[in-house]
file run29.pdb (PDB, C-alpha atoms and all ligand atoms)
ATOM      1  CA  MET A  42      -6.203 -19.877  -4.064
ATOM      2  CA  LEU A  43      -7.844 -17.074  -2.053
ATOM      3  CA  ILE A  44     -11.205 -16.064  -3.470
ATOM      4  CA  ILE A  45     -13.277 -13.001  -2.686
ATOM      5  CA  GLU A  46     -16.810 -13.094  -4.056
ATOM      6  CA  GLY A  47     -19.410 -10.355  -3.859
ATOM      7  CA  LEU A  48     -17.647  -8.606  -0.972
ATOM      8  CA  GLY A  49     -19.591  -5.694   0.476
ATOM      9  CA  LYS A  50     -18.669  -3.686   3.545
ATOM     10  CA  ARG A  51     -20.320  -0.750   5.287
ATOM     11  CA  PHE A  52     -19.272   1.456   8.154
ATOM     12  CA  GLY A  53     -22.658   2.559   9.508
ATOM     13  CA  ALA A  54     -24.569   4.112   6.629
ATOM     14  CA  HIS A  55     -21.408   4.485   4.512
ATOM     15  CA  THR A  56     -20.945   1.644   2.021
ATOM     16  CA  VAL A  57     -17.206   1.345   1.448
ATOM     17  CA  LEU A  58     -17.010  -1.812  -0.683
ATOM     18  CA  HIS A  59     -19.578  -2.834  -3.302
ATOM     19  CA  HIS A  60     -19.705  -6.405  -4.542
ATOM     20  CA  ILE A  61     -15.964  -6.961  -5.018
ATOM     21  CA  ASP A  62     -14.689 -10.103  -6.773
ATOM     22  CA  LEU A  63     -10.962 -10.800  -6.605
ATOM     23  CA  GLU A  64      -8.625 -13.809  -6.670
ATOM     24  CA  LEU A  65      -5.148 -14.426  -5.326
ATOM     25  CA  ARG A  66      -3.350 -17.404  -6.829
ATOM     26  CA  PRO A  67      -0.349 -19.065  -5.150
ATOM     27  CA  GLY A  68       2.859 -18.132  -6.967
ATOM     28  CA  SER A  69       1.502 -14.808  -8.204
ATOM     29  CA  LEU A  70       1.757 -11.126  -7.395
ATOM     30  CA  HIS A  71      -1.524  -9.243  -7.470
ATOM     31  CA  GLY A  72      -1.439  -5.447  -7.151
ATOM     32  CA  LEU A  73      -4.298  -3.359  -5.811
ATOM     33  CA  VAL A  74      -4.398   0.336  -6.675
ATOM     34  CA  GLY A  75      -6.907   3.103  -6.115
ATOM     35  CA  ALA A  76      -7.210   6.645  -4.852
ATOM     36  CA  ASN A  77      -7.015   7.482  -1.146
ATOM     37  CA  GLY A  78     -10.206   6.195   0.437
ATOM     38  CA  ALA A  79     -11.030   3.831  -2.451
ATOM     39  CA  GLY A  80     -11.324   0.917  -0.012
ATOM     40  CA  LYS A  81      -8.032  -0.984  -0.407
ATOM     41  CA  THR A  82      -7.178  -1.335   3.287
ATOM     42  CA  THR A  83     -10.769  -2.224   4.135
ATOM     43  CA  LEU A  84     -10.693  -4.944   1.492
ATOM     44  CA  LEU A  85      -7.435  -6.382   2.911
ATOM     45  CA  HIS A  86      -8.872  -6.291   6.432
ATOM     46  CA  CYS A  87     -11.996  -8.173   5.319
ATOM     47  CA  LEU A  88      -9.834 -10.735   3.541
ATOM     48  CA  TYR A  89      -7.645 -11.273   6.595
ATOM     49  CA  GLY A  90     -10.616 -11.347   8.965
ATOM     50  CA  LEU A  91      -9.962  -8.116  10.869
ATOM     51  CA  HIS A  92     -13.464  -7.143   9.767
ATOM     52  CA  THR A  93     -16.014  -9.912   9.914
ATOM     53  CA  ASP A  94     -19.239  -7.959   9.391
ATOM     54  CA  TYR A  95     -19.210  -7.967   5.597
ATOM     55  CA  ALA A  96     -21.439  -9.351   2.864
ATOM     56  CA  GLY A  97     -20.217 -11.949   0.384
ATOM     57  CA  THR A  98     -17.641 -14.666   0.866
ATOM     58  CA  VAL A  99     -13.919 -14.879   1.417
ATOM     59  CA  ARG A 100     -12.379 -18.339   1.263
ATOM     60  CA  GLU A 101      -9.325 -20.426   0.533
ATOM     61  CA  THR A 102      -9.983 -23.102  -2.029
ATOM     62  CA  GLY A 103      -8.112 -25.677   0.093
ATOM     63  CA  GLY A 104     -10.686 -25.054   2.845
ATOM     64  CA  ARG A 105      -8.140 -23.857   5.411
ATOM     65  CA  PRO A 106      -8.939 -20.837   7.606
ATOM     66  CA  ILE A 107      -7.390 -17.878   5.819
ATOM     67  CA  ARG A 108      -5.480 -16.594   8.867
ATOM     68  CA  GLU A 109      -3.781 -19.961   9.269
ATOM     69  CA  CYS A 110      -2.010 -19.732   5.922
ATOM     70  CA  THR A 111      -1.826 -15.969   5.466
ATOM     71  CA  GLY A 112       0.347 -13.192   6.870
ATOM     72  CA  LEU A 113      -0.647  -9.513   6.929
ATOM     73  CA  LEU A 114       1.694  -6.535   6.783
ATOM     74  CA  PRO A 115      -0.452  -3.665   8.123
ATOM     75  CA  TYR A 116      -0.233  -0.159   6.706
ATOM     76  CA  GLU A 117       0.951   1.078  10.108
ATOM     77  CA  PRO A 118       2.183  -1.812  12.244
ATOM     78  CA  TYR A 119       1.383  -1.511  15.937
ATOM     79  CA  PHE A 120       3.833  -2.443  18.694
ATOM     80  CA  TYR A 121       3.051  -2.834  22.367
ATOM     81  CA  PRO A 122       5.066  -0.471  24.547
ATOM     82  CA  ARG A 123       8.319  -1.743  25.999
ATOM     83  CA  ILE A 124       8.859  -4.788  23.874
ATOM     84  CA  THR A 125      12.010  -5.124  21.831
ATOM     85  CA  GLY A 126      12.080  -5.952  18.138
ATOM     86  CA  ARG A 127      13.227  -9.472  18.963
ATOM     87  CA  GLU A 128      10.411  -9.947  21.508
ATOM     88  CA  TYR A 129       7.893  -8.721  18.920
ATOM     89  CA  VAL A 130       8.981 -11.358  16.408
ATOM     90  CA  GLN A 131       8.998 -14.027  19.131
ATOM     91  CA  PHE A 132       5.509 -12.945  20.201
ATOM     92  CA  CYS A 133       4.172 -13.177  16.610
ATOM     93  CA  LEU A 134       5.541 -16.695  16.209
ATOM     94  CA  GLN A 135       4.475 -17.942  19.640
ATOM     95  CA  ALA A 136       0.951 -16.574  19.092
ATOM     96  CA  ARG A 137       0.721 -18.954  16.140
ATOM     97  CA  GLY A 138       2.370 -21.804  18.024
ATOM     98  CA  ARG A 139       5.388 -21.727  15.705
ATOM     99  CA  PRO A 140       8.998 -22.296  16.792
ATOM    100  CA  VAL A 141      11.207 -19.211  16.933
ATOM    101  CA  PRO A 142      14.019 -19.539  14.380
ATOM    102  CA  ASP A 143      17.403 -17.844  14.419
ATOM    103  CA  LEU A 144      16.736 -14.307  13.195
ATOM    104  CA  ARG A 145      20.328 -13.538  12.219
ATOM    105  CA  GLY A 146      20.081 -14.540   8.546
ATOM    106  CA  TRP A 147      17.098 -12.321   7.740
ATOM    107  CA  ASN A 148      18.357  -9.563   9.980
ATOM    108  CA  GLU A 149      21.633  -9.402   8.080
ATOM    109  CA  LEU A 150      19.436  -8.107   5.276
ATOM    110  CA  LEU A 151      17.158  -5.859   7.319
ATOM    111  CA  GLU A 152      19.789  -4.611   9.803
ATOM    112  CA  LEU A 153      17.416  -3.902  12.689
ATOM    113  CA  PRO A 154      18.560  -3.202  16.264
ATOM    114  CA  LEU A 155      16.486  -6.124  17.537
ATOM    115  CA  ASP A 156      17.284  -5.515  21.193
ATOM    116  CA  GLN A 157      15.909  -1.964  21.201
ATOM    117  CA  TYR A 158      12.271  -1.145  21.952
ATOM    118  CA  ALA A 159      10.221  -1.448  18.767
ATOM    119  CA  GLU A 160       8.132   1.633  19.656
ATOM    120  CA  GLN A 161      11.348   3.661  19.427
ATOM    121  CA  TYR A 162      12.127   2.497  15.874
ATOM    122  CA  SER A 163      11.700   4.903  12.967
ATOM    123  CA  ALA A 164       8.633   4.365  10.760
ATOM    124  CA  GLY A 165      10.729   2.561   8.135
ATOM    125  CA  MET A 166      12.359   0.334  10.767
ATOM    126  CA  GLN A 167       8.932  -0.557  12.175
ATOM    127  CA  LYS A 168       7.787  -1.585   8.705
ATOM    128  CA  LYS A 169      10.916  -3.740   8.334
ATOM    129  CA  LEU A 170      10.283  -5.350  11.735
ATOM    130  CA  ALA A 171       6.708  -6.280  10.804
ATOM    131  CA  LEU A 172       8.093  -7.645   7.542
ATOM    132  CA  LEU A 173      10.730  -9.669   9.390
ATOM    133  CA  ALA A 174       8.010 -11.278  11.518
ATOM    134  CA  LEU A 175       6.321 -12.404   8.282
ATOM    135  CA  LEU A 176       9.453 -13.512   6.455
ATOM    136  CA  VAL A 177      10.526 -15.929   9.177
ATOM    137  CA  GLN A 178       7.199 -17.731   8.821
ATOM    138  CA  ASP A 179       6.360 -19.802   5.805
ATOM    139  CA  PHE A 180       3.037 -18.317   4.702
ATOM    140  CA  ARG A 181       1.218 -19.531   1.608
ATOM    141  CA  TYR A 182      -0.227 -16.049   1.085
ATOM    142  CA  LEU A 183       0.967 -12.604   2.068
ATOM    143  CA  ILE A 184      -1.210  -9.501   2.186
ATOM    144  CA  LEU A 185       0.949  -6.402   2.166
ATOM    145  CA  ASP A 186      -0.584  -2.956   2.711
ATOM    146  CA  GLU A 187       1.770  -0.351   1.210
ATOM    147  CA  PRO A 188       4.895  -2.433   1.814
ATOM    148  CA  PHE A 189       7.228   0.079   0.102
ATOM    149  CA  ASN A 190       5.962   3.033   2.101
ATOM    150  CA  GLY A 191       8.619   4.372   4.482
ATOM    151  CA  LEU A 192      11.389   2.034   3.349
ATOM    152  CA  ASP A 193      14.645   3.567   2.170
ATOM    153  CA  LEU A 194      15.804   3.117  -1.421
ATOM    154  CA  SER A 195      17.975   0.090  -0.753
ATOM    155  CA  ALA A 196      15.286  -1.633   1.352
ATOM    156  CA  ASN A 197      12.761  -0.958  -1.419
ATOM    157  CA  LEU A 198      14.961  -2.661  -4.003
ATOM    158  CA  LEU A 199      15.609  -5.521  -1.600
ATOM    159  CA  LEU A 200      11.902  -5.929  -0.923
ATOM    160  CA  MET A 201      11.127  -6.065  -4.636
ATOM    161  CA  GLU A 202      13.647  -8.874  -5.051
ATOM    162  CA  MET A 203      12.246 -10.686  -1.976
ATOM    163  CA  LEU A 204       8.733 -10.512  -3.414
ATOM    164  CA  ARG A 205       9.883 -11.922  -6.753
ATOM    165  CA  ARG A 206      11.634 -14.792  -4.969
ATOM    166  CA  LEU A 207       8.660 -15.524  -2.710
ATOM    167  CA  ARG A 208       6.466 -15.692  -5.806
ATOM    168  CA  ARG A 209       8.912 -18.133  -7.412
ATOM    169  CA  GLN A 210       8.630 -20.291  -4.275
ATOM    170  CA  GLY A 211       4.860 -20.423  -4.661
ATOM    171  CA  THR A 212       3.671 -17.667  -2.307
ATOM    172  CA  GLY A 213       0.606 -15.701  -3.408
ATOM    173  CA  LEU A 214       1.139 -11.987  -2.743
ATOM    174  CA  LEU A 215      -1.538  -9.294  -2.688
ATOM    175  CA  LEU A 216      -0.155  -5.805  -2.273
ATOM    176  CA  THR A 217      -1.390  -2.249  -2.337
ATOM    177  CA  SER A 218       0.785   0.615  -3.440
ATOM    178  CA  HIS A 219       0.524   4.108  -4.844
ATOM    179  CA  LEU A 220       3.796   3.490  -6.706
ATOM    180  CA  LEU A 221       2.388   2.380 -10.024
ATOM    181  CA  GLY A 222       5.864   1.789 -11.524
ATOM    182  CA  SER A 223       6.782  -0.683  -8.766
ATOM    183  CA  LEU A 224       3.508  -2.541  -9.251
ATOM    184  CA  THR A 225       3.764  -2.797 -13.035
ATOM    185  CA  GLU A 226       7.383  -3.953 -12.690
ATOM    186  CA  LEU A 227       6.473  -6.668 -10.198
ATOM    187  CA  CYS A 228       2.910  -7.827 -10.616
ATOM    188  CA  ASP A 229       1.217 -10.435 -12.760
ATOM    189  CA  GLU A 230      -2.110  -8.621 -12.512
ATOM    190  CA  ILE A 231      -3.433  -5.364 -11.131
ATOM    191  CA  THR A 232      -6.927  -4.545  -9.893
ATOM    192  CA  VAL A 233      -8.026  -0.919  -9.813
ATOM    193  CA  LEU A 234     -10.518   0.073  -7.109
ATOM    194  CA  ALA A 235     -12.543   3.276  -7.342
ATOM    195  CA  ASP A 236     -15.137   4.289  -4.759
ATOM    196  CA  GLY A 237     -15.233   0.763  -3.386
ATOM    197  CA  ARG A 238     -15.820  -0.912  -6.756
ATOM    198  CA  VAL A 239     -13.533  -2.830  -9.065
ATOM    199  CA  LEU A 240     -13.054  -0.320 -11.854
ATOM    200  CA  ARG A 241     -11.005  -2.707 -13.935
ATOM    201  CA  HIS A 242      -8.742  -5.721 -13.720
ATOM    202  CA  TYR A 243      -5.544  -5.651 -15.792
ATOM    203  CA  PRO A 244      -3.479  -8.681 -16.792
ATOM    204  CA  ALA A 245       0.237  -7.883 -17.305
ATOM    205  CA  THR A 246      -0.299  -7.636 -21.069
ATOM    206  CA  ASP A 247      -2.510  -4.547 -20.502
ATOM    207  CA  PHE A 248      -0.241  -2.702 -18.045
ATOM    208  CA  ALA A 249       0.901  -0.238 -20.722
ATOM    209  CA  ARG A 250      -2.622   1.247 -20.694
ATOM    210  CA  LEU A 251      -2.760   1.702 -16.927
ATOM    211  CA  PRO A 252      -1.109   5.135 -16.519
ATOM    212  CA  THR A 253      -3.282   6.694 -19.229
ATOM    213  CA  ASP A 254      -6.436   5.041 -17.909
ATOM    214  CA  LEU A 255      -5.733   6.026 -14.311
ATOM    215  CA  LEU A 256      -4.430   9.514 -14.786
ATOM    216  CA  GLY A 257      -6.007  10.582 -18.066
ATOM    217  CA  HIS A 258      -9.313  12.275 -17.464
ATOM    218  CA  LEU A 259      -9.004  12.978 -13.749
ATOM    219  CA  HIS A 260      -5.509  14.331 -14.118
ATOM    220  CA  GLU A 261      -6.544  16.698 -16.908
ATOM    221  CA  GLN A 262      -9.331  18.114 -14.731
ATOM    222  CA  LYS A 263      -6.946  18.602 -11.824
ATOM    223  CA  LEU A 264      -4.310  20.227 -14.004
ATOM    224  CA  SER A 265      -6.778  22.828 -15.257
ATOM    225  CA  ARG A 266      -7.749  23.589 -11.645
ATOM    226  CA  LEU A 267      -4.036  23.863 -10.730
ATOM    227  CA  GLU A 268      -3.562  26.264 -13.659
ATOM    228  CA  LEU A 269      -6.017  28.622 -11.937
ATOM    229  CA  LEU A 270      -4.500  28.221  -8.466
ATOM    230  CA  LEU A 271      -0.839  28.340  -9.491
ATOM    231  CA  PRO A 272      -0.564  29.838 -12.984
ATOM    232  CA  PRO A 273       2.674  29.102 -14.861
ATOM    233  CA  ARG A 274       3.454  32.879 -14.919
ATOM    234  CA  PRO A 275       2.962  34.688 -11.614
ATOM    235  CA  PRO A 276       0.142  37.254 -11.627
ATOM    236  CA  ALA A 277       1.011  40.934 -11.966
ATOM    237  CA  ARG A 278       0.988  43.189  -8.895
ATOM    238  CA  VAL A 279       0.714  46.941  -8.668
ATOM    239  CA  VAL A 280       3.763  48.399  -6.857
ATOM    240  CA  ASN A 281       4.033  52.210  -6.487
ATOM    241  CA  GLY A 282       1.465  52.646  -9.236
ATOM    242  CA  ARG A 283       3.425  50.429 -11.659
ATOM    243  CA  LYS A 284       2.237  47.008 -12.837
ATOM    244  CA  MET A 285       5.023  44.533 -11.951
ATOM    245  CA  ARG A 286       5.514  40.788 -12.259
ATOM    246  CA  VAL A 287       7.942  38.877 -10.019
ATOM    247  CA  ILE A 288      10.589  36.970 -11.992
ATOM    248  CA  PRO A 289      11.097  33.583 -10.311
ATOM    249  CA  ASN A 290      14.663  32.649  -9.302
ATOM    250  CA  ALA A 291      15.914  36.181  -9.875
ATOM    251  CA  GLY A 292      16.730  36.909  -6.232
ATOM    252  CA  GLY A 293      14.824  39.211  -3.886
ATOM    253  CA  ALA A 294      14.624  42.173  -6.241
ATOM    254  CA  GLY A 295      13.770  40.311  -9.441
ATOM    255  CA  ALA A 296      10.716  41.904 -11.039
ATOM    256  CA  GLU A 297       9.751  43.190 -14.458
ATOM    257  CA  GLU A 298       7.470  46.113 -15.245
ATOM    258  CA  LEU A 299       4.476  45.322 -17.431
ATOM    259  CA  ARG A 300       3.267  47.887 -19.960
TER
HETATM  260  N1  LIG B   1     -13.110   2.212  10.981
HETATM  261  C1  LIG B   1     -13.719   2.961  10.069
HETATM  262  N2  LIG B   1     -14.870   3.601  10.363
HETATM  263  C2  LIG B   1     -15.526   4.353   9.459
HETATM  264  N3  LIG B   1     -15.096   4.538   8.192
HETATM  265  C3  LIG B   1     -13.966   3.921   7.831
HETATM  266  C4  LIG B   1     -13.207   3.118   8.744
HETATM  267  N4  LIG B   1     -12.128   2.625   8.092
HETATM  268  C5  LIG B   1     -12.187   3.136   6.851
HETATM  269  N5  LIG B   1     -13.277   3.901   6.691
HETATM  270  C6  LIG B   1     -13.693   4.603   5.462
HETATM  271  O1  LIG B   1     -13.682   3.657   4.417
HETATM  272  C7  LIG B   1     -13.243   4.259   3.203
HETATM  273  C8  LIG B   1     -12.105   3.423   2.640
HETATM  274  O2  LIG B   1     -10.988   3.520   3.509
HETATM  275  P1  LIG B   1      -9.675   2.664   3.263
HETATM  276  O3  LIG B   1      -8.755   2.912   4.409
HETATM  277  O4  LIG B   1     -10.071   1.266   2.983
HETATM  278  O5  LIG B   1      -9.124   3.341   1.918
HETATM  279  P2  LIG B   1      -7.749   3.101   1.150
HETATM  280  O6  LIG B   1      -8.091   2.835  -0.277
HETATM  281  O7  LIG B   1      -6.928   2.082   1.853
HETATM  282  O8  LIG B   1      -7.091   4.552   1.272
HETATM  283  P3  LIG B   1      -5.544   5.038   1.343
HETATM  284  O9  LIG B   1      -4.990   4.938  -0.044
HETATM  285  O10 LIG B   1      -5.674   6.462   1.793
HETATM  286  O11 LIG B   1      -4.837   4.177   2.347
HETATM  287  C9  LIG B   1     -12.869   5.697   3.541
HETATM  288  O12 LIG B   1     -13.943   6.525   3.181
HETATM  289  C10 LIG B   1     -12.696   5.671   5.049
HETATM  290  O13 LIG B   1     -13.044   6.915   5.608
END

call {"tool": "encode", "arguments": {"input": "run29.pdb", "output": "structure tokens"}}
result
Amino acid sequence: MLIIEGLGKRFGAHTVLHHIDLELRPGSLHGLVGANGAGKTTLLHCLYGLHTDYAGTVRETGGRPIRECTGLLPYEPYFYPRITGREYVQFCLQARGRPVPDLRGWNELLELPLDQYAEQYSAGMQKKLALLALLVQDFRYLILDEPFNGLDLSANLLLMEMLRRLRRQGTGLLLTSHLLGSLTELCDEITVLADGRVLRHYPATDFARLPTDLLGHLHEQKLSRLELLLPPRPPARVVNGRKMRVIPNAGGAGAEELR
């Protein structure tokens, strides 16, 4: 199991994570949600060891170094210039001293032009390539930062099925997403981060409350602000001394006079 205890992280004077506790069990899917800037990516980077200057502890209960048994799908994968997709996967495996397997099986699913330069791939293809480099390795844990982002509909459905199957095979998966429906469909538990704190942890039995809890109060406030900015009925305008209101979808000349 991966365990995060009392994790705190600052960038200069800005404290981004406050005393976070979180667990990732093998054979489980753990979702992490939170507003933009809540601290999700920072948390994943601390867990994977991309940041090391944090407070608290991050450990694997088996005592192995986390990077050894864990793969990370970054939010925006980076590719060195002028290496092909195939060379990227080979590089990832060789960097870990792992043999390079035949990529054809996985690539029948992902359909990547492996002999083209990875930097020339579309954003979705780059995400798939980074995913391919993880799938061909047998990681005990996977940390996936917005894995659905940028993937087309069919790849999204495929990825959901892959994640379910990896879980069945014993992999522990921690993923962030803003797609609450995908998370509640997939996950065994969901942790909500707000302003760098764990707002609440939900087991699957409590998922029905998540949309109301997350969107309730905040959403109501935002909707009343939106009402002022974009009222449901367009405001009246004075045209040639007459008070007129534009009628939406009525063509260029659609307007009604107000009395
Ligand atoms: N390298 C950095 N230097 C300074 N501040 C940073 C750095 N990386 C992140 N931050 C700050 O940390 C906070 C959390 O950022 P983070 O990327 O972890 O949020 P997030 O929850 O992943 O957001 P999003 O949903 O937009 O991806 C933000 O206020 C961000 O500005």

call {"tool": "residues_near_ligand", "arguments": {"input": "run29.pdb", "ligand": "ligand LIG 1 (chain B)", "cutoff": "9 Å", "atoms": "only C-alpha atoms and all ligand atoms", "output": "JSON, numbers by chain"}}
result
{"A": [50, 51, 52, 53, 55, 56, 57, 58, 74, 75, 76, 77, 78, 79, 80, 81, 82, 83, 84, 85, 86, 116, 186, 187, 217, 218, 219, 234, 235, 236, 237]}

call {"tool": "residues_around", "arguments": {"input": "run29.pdb", "residues": "Ala159 (chain A)", "least_positions_apart": "2", "cutoff": "7 Å", "atoms": "only C-alpha atoms", "output": "PyMOL selection string"}}
result
chain A and resi 120+124-126+157+161-162+167

call {"tool": "resolve_selection", "arguments": {"input": "run29.pdb", "expression": "the PyMOL selection byres (((chain A and resi 49) around 6) and not hetatm)", "output": "mmCIF file with C-alpha atoms, in the frame of the given file"}}
result
data_model
loop_
_atom_site.group_PDB
_atom_site.id
_atom_site.type_symbol
_atom_site.label_atom_id
_atom_site.label_comp_id
_atom_site.auth_asym_id
_atom_site.auth_seq_id
_atom_site.Cartn_x
_atom_site.Cartn_y
_atom_site.Cartn_z
ATOM 1 C CA LEU A 48 -17.647 -8.606 -0.972
ATOM 2 C CA LYS A 50 -18.669 -3.686 3.545
ATOM 3 C CA LEU A 58 -17.010 -1.812 -0.683
ATOM 4 C CA HIS A 59 -19.578 -2.834 -3.302
ATOM 5 C CA HIS A 60 -19.705 -6.405 -4.542
ATOM 6 C CA TYR A 95 -19.210 -7.967 5.597
ATOM 7 C CA ALA A 96 -21.439 -9.351 2.864
#

call {"tool": "closest_residue", "arguments": {"input": "run29.pdb", "among": "A:Leu255, A:Leu151, A:Leu221, A:Val287", "to": "Leu192 (chain A)", "atoms": "all atoms listed in the file"}}
result
A:Leu151

call {"tool": "resolve_selection", "arguments": {"input": "run29.pdb", "expression": "the PyMOL selection byres (((chain A and resi 99-108) around 6) and not hetatm)", "output": "list in words"}}
result
Met42, Leu43, Ile44, Ile45, Thr98, Glu109, Cys110 and Thr111 of chain A

call {"tool": "decode", "arguments": {"input": "run29.pdb", "residues": "region 268-291 of chain A", "atoms": "N, CA and C atoms", "output": "PDB file, in the first residue's frame"}}
result
ATOM      1  N   GLU A 268     -26.317  35.162 -13.347  1.00  0.00           N
ATOM      2  CA  GLU A 268     -27.622  35.778 -13.602  1.00  0.00           C
ATOM      3  C   GLU A 268     -27.449  37.284 -13.859  1.00  0.00           C
ATOM      4  N   LEU A 269     -26.519  37.900 -13.113  1.00  0.00           N
ATOM      5  CA  LEU A 269     -26.272  39.334 -13.298  1.00  0.00           C
ATOM      6  C   LEU A 269     -25.509  39.595 -14.595  1.00  0.00           C
ATOM      7  N   LEU A 270     -24.529  38.716 -14.891  1.00  0.00           N
ATOM      8  CA  LEU A 270     -23.675  38.952 -16.059  1.00  0.00           C
ATOM      9  C   LEU A 270     -24.388  38.603 -17.366  1.00  0.00           C
ATOM     10  N   LEU A 271     -25.112  37.491 -17.346  1.00  0.00           N
ATOM     11  CA  LEU A 271     -25.839  37.040 -18.535  1.00  0.00           C
ATOM     12  C   LEU A 271     -27.276  36.729 -18.133  1.00  0.00           C
ATOM     13  N   PRO A 272     -28.128  37.725 -18.029  1.00  0.00           N
ATOM     14  CA  PRO A 272     -29.504  37.461 -17.583  1.00  0.00           C
ATOM     15  C   PRO A 272     -30.230  36.557 -18.583  1.00  0.00           C
ATOM     16  N   PRO A 273     -31.206  35.777 -18.099  1.00  0.00           N
ATOM     17  CA  PRO A 273     -31.905  34.860 -19.006  1.00  0.00           C
ATOM     18  C   PRO A 273     -32.610  35.606 -20.138  1.00  0.00           C
ATOM     19  N   ARG A 274     -33.144  36.836 -19.866  1.00  0.00           N
ATOM     20  CA  ARG A 274     -33.739  37.659 -20.925  1.00  0.00           C
ATOM     21  C   ARG A 274     -32.783  38.806 -21.199  1.00  0.00           C
ATOM     22  N   PRO A 275     -32.440  39.030 -22.480  1.00  0.00           N
ATOM     23  CA  PRO A 275     -31.490  40.104 -22.769  1.00  0.00           C
ATOM     24  C   PRO A 275     -32.007  41.454 -22.297  1.00  0.00           C
ATOM     25  N   PRO A 276     -31.125  42.345 -21.883  1.00  0.00           N
ATOM     26  CA  PRO A 276     -31.575  43.661 -21.403  1.00  0.00           C
ATOM     27  C   PRO A 276     -32.151  44.488 -22.555  1.00  0.00           C
ATOM     28  N   ALA A 277     -33.037  45.415 -22.204  1.00  0.00           N
ATOM     29  CA  ALA A 277     -33.639  46.278 -23.222  1.00  0.00           C
ATOM     30  C   ALA A 277     -32.628  47.318 -23.679  1.00  0.00           C
ATOM     31  N   ARG A 278     -32.774  47.734 -24.959  1.00  0.00           N
ATOM     32  CA  ARG A 278     -31.928  48.821 -25.484  1.00  0.00           C
ATOM     33  C   ARG A 278     -32.832  49.873 -26.106  1.00  0.00           C
ATOM     34  N   VAL A 279     -32.363  51.112 -26.059  1.00  0.00           N
ATOM     35  CA  VAL A 279     -33.152  52.177 -26.689  1.00  0.00           C
ATOM     36  C   VAL A 279     -32.661  52.345 -28.121  1.00  0.00           C
ATOM     37  N   VAL A 280     -33.584  52.124 -29.108  1.00  0.00           N
ATOM     38  CA  VAL A 280     -33.235  52.275 -30.521  1.00  0.00           C
ATOM     39  C   VAL A 280     -34.219  53.278 -31.121  1.00  0.00           C
ATOM     40  N   ASN A 281     -33.705  54.376 -31.665  1.00  0.00           N
ATOM     41  CA  ASN A 281     -34.546  55.441 -32.250  1.00  0.00           C
ATOM     42  C   ASN A 281     -35.627  55.888 -31.264  1.00  0.00           C
ATOM     43  N   GLY A 282     -35.251  56.021 -30.024  1.00  0.00           N
ATOM     44  CA  GLY A 282     -36.186  56.516 -29.011  1.00  0.00           C
ATOM     45  C   GLY A 282     -37.163  55.458 -28.519  1.00  0.00           C
ATOM     46  N   ARG A 283     -37.089  54.231 -29.086  1.00  0.00           N
ATOM     47  CA  ARG A 283     -38.019  53.182 -28.628  1.00  0.00           C
ATOM     48  C   ARG A 283     -37.247  52.156 -27.804  1.00  0.00           C
ATOM     49  N   LYS A 284     -37.882  51.634 -26.768  1.00  0.00           N
ATOM     50  CA  LYS A 284     -37.240  50.634 -25.906  1.00  0.00           C
ATOM     51  C   LYS A 284     -37.434  49.261 -26.553  1.00  0.00           C
ATOM     52  N   MET A 285     -36.347  48.623 -26.960  1.00  0.00           N
ATOM     53  CA  MET A 285     -36.438  47.348 -27.702  1.00  0.00           C
ATOM     54  C   MET A 285     -35.676  46.259 -26.949  1.00  0.00           C
ATOM     55  N   ARG A 286     -36.118  45.006 -27.147  1.00  0.00           N
ATOM     56  CA  ARG A 286     -35.360  43.875 -26.635  1.00  0.00           C
ATOM     57  C   ARG A 286     -35.132  42.901 -27.799  1.00  0.00           C
ATOM     58  N   VAL A 287     -33.853  42.470 -27.934  1.00  0.00           N
ATOM     59  CA  VAL A 287     -33.512  41.516 -28.999  1.00  0.00           C
ATOM     60  C   VAL A 287     -34.159  40.176 -28.675  1.00  0.00           C
ATOM     61  N   ILE A 288     -34.768  39.545 -29.701  1.00  0.00           N
ATOM     62  CA  ILE A 288     -35.321  38.198 -29.493  1.00  0.00           C
ATOM     63  C   ILE A 288     -34.287  37.205 -29.997  1.00  0.00           C
ATOM     64  N   PRO A 289     -33.735  36.357 -29.100  1.00  0.00           N
ATOM     65  CA  PRO A 289     -32.702  35.423 -29.531  1.00  0.00           C
ATOM     66  C   PRO A 289     -33.240  34.482 -30.609  1.00  0.00           C
ATOM     67  N   ASN A 290     -32.380  34.050 -31.497  1.00  0.00           N
ATOM     68  CA  ASN A 290     -32.680  33.081 -32.551  1.00  0.00           C
ATOM     69  C   ASN A 290     -33.769  33.555 -33.506  1.00  0.00           C
ATOM     70  N   ALA A 291     -33.966  34.860 -33.608  1.00  0.00           N
ATOM     71  CA  ALA A 291     -35.013  35.335 -34.510  1.00  0.00           C
ATOM     72  C   ALA A 291     -34.406  35.980 -35.756  1.00  0.00           C
TER      73      ALA A 291
END
